[in-house]
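Peer 1: Quick one: structure below, then a few questions.
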Amino acid sequence: MNRFWNPLVAQLSPYVPGEQPSMVDLVKLNTNENPYGPSPRVLNAIHSATHNGLRLYPDPTALHLRCAAATHFGLAPEQVFAGNGSDEVLAFVFLGLLKHEGRPLLFPDISYSFYPVYCGLFGIDYRTVPLADSPVLSLQLTDYTEPHGGIIFPNPNAPTGRAVSRADIQQLLERTPDAVVVVDEAYIDFGGESAVPLIDRFPNLLVVQTLSKSRSLAGLRVGLAMGQPHLIECLVRIKDSFNSYPLDQLAIVGAAAALQDTAYFETTRQAVIQSREKLTLELTRLGFDVLPSAANFIFARHPDRDAATLAKRLRDEKIIVRHFATPRIDQFLRITIGTDEQCAILVNTLERLLA
Ligand SMILES: *Cc1c(COP(=O)(O)O)cnc(C)c1O
């Protein structure tokens, strides 16, 4: 019956989200969610907003949230855009800022797998730039030399977890004055250097962040883009040509409360960072090569064990990790950092499976 479809739809290869199994007592380490719940202030704010907040349309500009973000990041509200998860924000960015006739978009060959999907949806020509082999699977921004109409990469990169420095991003921006550079900072709070402080100096820099990971709000769907007002205005024009209210009232107040609770944010992200360092040591002890991670996951391979088989064995033990059957990384497992207790279950199980 696809004769009823717009022919483009048959050509799409949609993104495949990580599994959300309904099984209980699962150790779920496959989609980089935060093991700690959101700040209690988020739940209070959402609860208060249910009393009288749902009858009316929400503020289409989400000003309350944008002001909270501006305060947190040291920006003006005009430098902040808010959308329904950073996936939606990225979709607007691809459509509005990264599509240029005759000039391909560049991104790493191993990176967030949604990027080529947006290119398919919006008809954007793109080229991938291979991650370097030394250090293993590292992003070298000096390799982005071919003519292009824009560059996007995650920092830290996904699924490798490796970060690039702010100095390297600054040099890329200086070499690239005529195209937009988008830094997807979904995992930046777990150890990377944010590019946000460069925004005032570079009219071509856009930084995208999400509240899904470090703020533990994957279920609320809130993402941000930050850049100079001319870039933000582009995204607003697309939003208002698509859906004026991408954020509901509960998301607006909940996300703002999350950004305001600095103490909770610090405690939980430090806990994740500490667990990551501990897990890295433990897996190294078990013989894994673990890439240095600045994210809330690690990317690891075992020299003598097939990664897909290991993932399957773990699943039989009710531990879910992510395996990508993709060239160059099919011997790696991406493991989300859980609580110390979840990490210990993983380590004990692996120890048994490897014995
Ligand atoms: C998780 C993730 C996103 C999407 O986050 P949402 O805000 O939940 O849509 C974007 N980019 C990267 C690299 C991610 O890992």
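Ordering of the structure tokens sets the chain letters (A, B, ...), residue numbers begin anew at 1 in every chain, and ligands are numbered from 1 in the order given.
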Check which residues of stretch 204-277 of chain A sit at most 8 Å from stretch 43-58 of chain A using only C-alpha atoms, and return one row each with the closest pair of atoms and their distance in Å to one decimal, ordered by chain and rising number, as a tab-separated table.
Peer 2:
residue	atom	partner	partner_atom	distance
A:Tyr245	CA	A:Pro58	CA	6.8
A:Leu247	CA	A:Pro58	CA	7.6
A:Asp248	CA	A:Pro58	CA	6.0
A:Gln249	CA	A:Pro58	CA	5.2
A:Leu250	CA	A:Ile46	CA	5.2
A:Ala251	CA	A:Ile46	CA	7.7
A:Val253	CA	A:Ala45	CA	5.9
A:Gly254	CA	A:Ile46	CA	5.5
A:Ala257	CA	A:Ala45	CA	6.7
Peer 1: Deliver the residues from the most recent selection as a file, using N, CA, C and O atoms, as a PDB file, in the first residue's frame.
Peer 2:
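As a result, out18.pdb now contains:
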ATOM      1  N   TYR A 245       4.585  24.750  19.421  1.00  0.00           N
ATOM      2  CA  TYR A 245       4.661  24.361  20.844  1.00  0.00           C
ATOM      3  C   TYR A 245       5.379  23.021  21.011  1.00  0.00           C
ATOM      4  O   TYR A 245       4.782  22.057  21.502  1.00  0.00           O
ATOM      5  N   LEU A 247       7.531  22.173  23.137  1.00  0.00           N
ATOM      6  CA  LEU A 247       7.693  21.837  24.545  1.00  0.00           C
ATOM      7  C   LEU A 247       6.393  22.082  25.275  1.00  0.00           C
ATOM      8  O   LEU A 247       5.835  23.184  25.234  1.00  0.00           O
ATOM      9  N   ASP A 248       5.897  21.057  25.974  1.00  0.00           N
ATOM     10  CA  ASP A 248       4.695  21.265  26.761  1.00  0.00           C
ATOM     11  C   ASP A 248       5.045  21.974  28.059  1.00  0.00           C
ATOM     12  O   ASP A 248       6.222  22.127  28.414  1.00  0.00           O
ATOM     13  N   GLN A 249       4.017  22.392  28.790  1.00  0.00           N
ATOM     14  CA  GLN A 249       4.221  23.185  29.995  1.00  0.00           C
ATOM     15  C   GLN A 249       5.030  22.422  31.050  1.00  0.00           C
ATOM     16  O   GLN A 249       5.861  22.996  31.756  1.00  0.00           O
ATOM     17  N   LEU A 250       4.805  21.113  31.147  1.00  0.00           N
ATOM     18  CA  LEU A 250       5.524  20.328  32.157  1.00  0.00           C
ATOM     19  C   LEU A 250       7.006  20.258  31.815  1.00  0.00           C
ATOM     20  O   LEU A 250       7.875  20.336  32.692  1.00  0.00           O
ATOM     21  N   ALA A 251       7.309  20.131  30.530  1.00  0.00           N
ATOM     22  CA  ALA A 251       8.707  20.078  30.102  1.00  0.00           C
ATOM     23  C   ALA A 251       9.399  21.422  30.358  1.00  0.00           C
ATOM     24  O   ALA A 251      10.554  21.467  30.789  1.00  0.00           O
ATOM     25  N   VAL A 253       8.725  23.790  32.675  1.00  0.00           N
ATOM     26  CA  VAL A 253       9.034  24.054  34.092  1.00  0.00           C
ATOM     27  C   VAL A 253       9.989  23.004  34.669  1.00  0.00           C
ATOM     28  O   VAL A 253      10.860  23.327  35.475  1.00  0.00           O
ATOM     29  N   GLY A 254       9.843  21.759  34.240  1.00  0.00           N
ATOM     30  CA  GLY A 254      10.714  20.699  34.742  1.00  0.00           C
ATOM     31  C   GLY A 254      12.157  20.919  34.318  1.00  0.00           C
ATOM     32  O   GLY A 254      13.092  20.803  35.129  1.00  0.00           O
ATOM     33  N   ALA A 257      13.722  23.846  36.201  1.00  0.00           N
ATOM     34  CA  ALA A 257      14.081  23.477  37.576  1.00  0.00           C
ATOM     35  C   ALA A 257      15.360  22.639  37.598  1.00  0.00           C
ATOM     36  O   ALA A 257      16.205  22.791  38.489  1.00  0.00           O
TER      37      ALA A 257
END
Peer 1: Against ligand 1, which residues of chain A fall within 6 Å? For each one I want the closest pair of atoms and the distance in Å (one decimal), counting only C-alpha atoms and all ligand atoms, rows by chain and increasing residue number, as a Markdown table.
Peer 2:
| residue | atom | partner | partner_atom_place_in_ligand_line | distance |
| --- | --- | --- | --- | --- |
| A:Gly85 | CA | ligand 1 | 7 (O) | 3.6 |
| A:Ser86 | CA | ligand 1 | 7 (O) | 3.6 |
| A:Asp87 | CA | ligand 1 | 9 (O) | 3.8 |
| A:Tyr112 | CA | ligand 1 | 13 (C) | 5.0 |
| A:Pro154 | CA | ligand 1 | 13 (C) | 5.2 |
| A:Ala158 | CA | ligand 1 | 13 (C) | 5.5 |
| A:Asp184 | CA | ligand 1 | 11 (N) | 5.9 |
| A:Ala186 | CA | ligand 1 | 12 (C) | 5.0 |
| A:Thr210 | CA | ligand 1 | 7 (O) | 4.3 |
| A:Ser212 | CA | ligand 1 | 8 (O) | 4.8 |
| A:Ala218 | CA | ligand 1 | 8 (O) | 5.3 |
| A:Arg221 | CA | ligand 1 | 8 (O) | 6.0 |
| A:Val222 | CA | ligand 1 | 7 (O) | 5.7 |
| A:Gly223 | CA | ligand 1 | 7 (O) | 4.8 |
Peer 1: Do you know which residues are at most 12 Å from A:Gly338 counting only C-alpha atoms, after dropping those on the same chain fewer than 5 positions away, and could you put them as a PyMOL selection string?
Peer 2: chain A and resi 26-37+213+268-269+271-276+278-279+296-298+319-321+343-347
Peer 1: Write out the residues from the selection above, keeping N, CA, C and O atoms, as a CSV table (one decimal), in the first residue's frame.
Peer 2:
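Output below, filename selection-v3.csv:
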chain,number,residue,atom,x,y,z
A,26,LEU,N,16.2,-5.9,35.3
A,26,LEU,CA,17.2,-5.9,34.2
A,26,LEU,C,18.3,-4.9,34.6
A,26,LEU,O,18.0,-3.9,35.2
A,27,VAL,N,19.5,-5.2,34.3
A,27,VAL,CA,20.6,-4.2,34.4
A,27,VAL,C,20.7,-3.5,33.0
A,27,VAL,O,21.2,-4.1,32.1
A,28,LYS,N,20.1,-2.3,32.9
A,28,LYS,CA,19.9,-1.7,31.6
A,28,LYS,C,21.1,-0.7,31.3
A,28,LYS,O,21.0,0.4,31.8
A,29,LEU,N,22.0,-1.1,30.5
A,29,LEU,CA,23.2,-0.3,30.3
A,29,LEU,C,23.4,-0.1,28.8
A,29,LEU,O,24.5,-0.1,28.3
A,30,ASN,N,22.3,0.2,28.1
A,30,ASN,CA,22.3,0.2,26.6
A,30,ASN,C,22.0,1.5,26.0
A,30,ASN,O,22.2,1.7,24.8
A,31,THR,N,21.4,2.5,26.7
A,31,THR,CA,21.0,3.7,26.0
A,31,THR,C,21.4,5.0,26.7
A,31,THR,O,20.9,6.1,26.5
A,32,ASN,N,22.5,4.9,27.6
A,32,ASN,CA,23.1,6.0,28.2
A,32,ASN,C,22.2,6.9,29.0
A,32,ASN,O,22.4,8.2,29.1
A,33,GLU,N,21.2,6.3,29.6
A,33,GLU,CA,20.3,7.1,30.5
A,33,GLU,C,21.1,7.2,31.8
A,33,GLU,O,22.1,6.5,32.1
A,34,ASN,N,20.7,8.2,32.6
A,34,ASN,CA,21.3,8.4,33.9
A,34,ASN,C,20.8,7.5,35.0
A,34,ASN,O,19.6,7.3,35.0
A,35,PRO,N,21.6,6.8,35.8
A,35,PRO,CA,21.1,5.8,36.7
A,35,PRO,C,20.4,6.5,37.9
A,35,PRO,O,19.6,5.9,38.6
A,36,TYR,N,20.6,7.8,38.1
A,36,TYR,CA,20.0,8.5,39.2
A,36,TYR,C,18.8,9.3,38.7
A,36,TYR,O,18.8,9.7,37.5
A,37,GLY,N,17.8,9.4,39.5
A,37,GLY,CA,16.6,10.1,39.0
A,37,GLY,C,16.9,11.6,38.8
A,37,GLY,O,17.9,12.1,39.2
A,213,LYS,N,20.7,13.2,29.4
A,213,LYS,CA,21.7,12.4,30.0
A,213,LYS,C,22.1,13.0,31.4
A,213,LYS,O,21.8,12.4,32.4
A,268,THR,N,25.3,14.2,41.3
A,268,THR,CA,25.0,13.1,40.4
A,268,THR,C,26.0,12.9,39.3
A,268,THR,O,26.5,11.8,39.0
A,269,ARG,N,26.5,14.0,38.7
A,269,ARG,CA,27.4,13.8,37.6
A,269,ARG,C,28.8,13.4,38.2
A,269,ARG,O,29.5,12.5,37.6
A,271,ALA,N,29.2,11.4,40.7
A,271,ALA,CA,29.0,10.0,41.0
A,271,ALA,C,29.2,9.2,39.8
A,271,ALA,O,29.8,8.1,39.8
A,272,VAL,N,28.6,9.6,38.7
A,272,VAL,CA,28.7,8.9,37.4
A,272,VAL,C,30.2,8.9,37.0
A,272,VAL,O,30.7,7.8,36.5
A,273,ILE,N,30.9,10.0,37.1
A,273,ILE,CA,32.3,10.1,36.7
A,273,ILE,C,33.1,9.1,37.5
A,273,ILE,O,34.0,8.4,37.0
A,274,GLN,N,32.9,9.1,38.8
A,274,GLN,CA,33.6,8.2,39.7
A,274,GLN,C,33.4,6.7,39.4
A,274,GLN,O,34.3,5.9,39.3
A,275,SER,N,32.1,6.4,39.1
A,275,SER,CA,31.8,5.0,38.7
A,275,SER,C,32.5,4.6,37.4
A,275,SER,O,32.9,3.5,37.2
A,276,ARG,N,32.5,5.6,36.5
A,276,ARG,CA,33.2,5.3,35.2
A,276,ARG,C,34.6,5.0,35.4
A,276,ARG,O,35.2,4.0,34.8
A,278,LYS,N,36.1,3.8,38.0
A,278,LYS,CA,36.2,2.5,38.7
A,278,LYS,C,35.9,1.4,37.7
A,278,LYS,O,36.7,0.4,37.7
A,279,LEU,N,34.9,1.5,36.9
A,279,LEU,CA,34.5,0.5,36.0
A,279,LEU,C,35.6,0.3,34.9
A,279,LEU,O,36.0,-0.8,34.5
A,296,ASN,N,29.1,9.4,29.8
A,296,ASN,CA,28.6,8.5,30.8
A,296,ASN,C,28.4,7.0,30.3
A,296,ASN,O,27.5,6.3,30.6
A,297,PHE,N,29.4,6.7,29.4
A,297,PHE,CA,29.5,5.3,28.9
A,297,PHE,C,30.9,5.0,28.6
A,297,PHE,O,31.7,6.0,28.5
A,298,ILE,N,31.3,3.8,28.5
A,298,ILE,CA,32.6,3.4,28.0
A,298,ILE,C,32.5,2.6,26.7
A,298,ILE,O,31.4,1.9,26.5
A,319,ILE,N,21.7,-8.5,31.5
A,319,ILE,CA,22.4,-7.3,31.5
A,319,ILE,C,22.4,-6.8,30.0
A,319,ILE,O,22.9,-7.6,29.1
A,320,ILE,N,21.9,-5.6,29.7
A,320,ILE,CA,21.8,-5.2,28.4
A,320,ILE,C,22.9,-4.1,28.1
A,320,ILE,O,22.9,-3.1,28.7
A,321,VAL,N,23.8,-4.3,27.1
A,321,VAL,CA,24.7,-3.3,26.7
A,321,VAL,C,24.5,-3.1,25.2
A,321,VAL,O,23.7,-3.9,24.6
A,343,CYS,N,27.3,-1.6,38.2
A,343,CYS,CA,28.6,-1.8,37.6
A,343,CYS,C,29.2,-3.1,38.2
A,343,CYS,O,29.9,-3.9,37.5
A,344,ALA,N,29.0,-3.3,39.5
A,344,ALA,CA,29.6,-4.5,40.2
A,344,ALA,C,28.9,-5.8,39.6
A,344,ALA,O,29.6,-6.8,39.4
A,345,ILE,N,27.6,-5.7,39.4
A,345,ILE,CA,26.9,-6.9,38.8
A,345,ILE,C,27.6,-7.2,37.4
A,345,ILE,O,27.9,-8.4,37.1
A,346,LEU,N,27.8,-6.1,36.6
A,346,LEU,CA,28.4,-6.3,35.3
A,346,LEU,C,29.8,-7.0,35.4
A,346,LEU,O,30.1,-7.9,34.7
A,347,VAL,N,30.6,-6.4,36.3
A,347,VAL,CA,32.0,-6.9,36.4
A,347,VAL,C,32.0,-8.4,36.9
A,347,VAL,O,32.7,-9.2,36.3
Peer 1: Mind checking which residues fall within 8 Å of A:Val290, counting only C-alpha atoms, ignoring those fewer than 3 positions away in the same chain, and posting them as a ChimeraX atom specification?
Peer 2: /A:280,283-284,298-301
Peer 1: If we count only C-alpha atoms and set the cut-off at 8 Å, which residues sit around stretch 70-79 of chain A, ignoring sequence neighbours fewer than 3 positions away in its own chain? Please answer as a PyMOL selection string.
Peer 2: chain A and resi 63+66-67+196+226-229+232+259-260
Peer 1: Any idea what the distance is between atom CA of A:Leu281 and atom CA of A:Gly191?
Peer 2: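 Pair atom CA of A:Leu281 / atom CA of A:Gly191 returns 17.1 Å.
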Peer 1: Can you list every residue in stretch 245-302 of chain A that DSSP puts in strand (DSSP E), as a PyMOL selection string?
Peer 2: chain A and resi 289-290+297-301
Peer 1: Name the residues in contact with A:Ala295 at a cut-off of 7 Å, using only C-alpha atoms, excluding same-chain residues fewer than 6 positions from it; report them as a PyMOL selection string.
Peer 2: chain A and resi 156+161+187-188+190-191
Peer 1: Skip stretch 165-174 of chain A itself and residues of its chain fewer than 6 positions away, then list as a PyMOL selection string all residues within 9 Å of it, counting only C-alpha atoms.
Peer 2: chain A and resi 140-142+144+155+180-181+183+192-195+198+202+204-205
Peer 1: Among stretch 30-117 of chain A, which residues does DSSP mark as helix (DSSP H, G or I) when it is run on the backbone? Keep the chain and numbering as in the structure and answer as a VMD selection string.
Peer 2: chain A and resid 40 to 52 63 to 73 77 to 79 85 to 97 114 to 117
Peer 1: Would you mind reading off the distance between atom CA of A:Lys318 and atom CA of A:Glu277, one decimal, in Å?
Peer 2: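 Interatomic distance, atom CA of A:Lys318 to atom CA of A:Glu277: 23.3 Å.
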Peer 1: Counting only C-alpha atoms, figure out which residue out of A:Asn6, A:Glu88, A:Pro292, A:Ile151 gets nearest to A:Pro135.
Peer 2: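 Comparing A:Asn6, A:Glu88, A:Pro292, A:Ile151 against A:Pro135, the winner is A:Pro292.
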Peer 1: Considering only C-alpha atoms, can you say which of A:Gln342, A:Ala10, A:Phe4, A:Thr128 comes closest to A:Ser113?
Peer 2: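 The closest residue to A:Ser113 is A:Thr128.
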Peer 1: Could you tell me how far atom CA of A:Leu139 sits from atom CA of A:Pro303, in Å to one decimal place?
Peer 2: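 Computed distance, atom CA of A:Pro303 to atom CA of A:Leu139, equals 22.7 Å.
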Peer 1: With distances taken over only C-alpha atoms, which of A:Leu121, A:Ile199, A:Ala325, A:Leu206 is nearest to A:Cys234?
Peer 2: A:Leu206
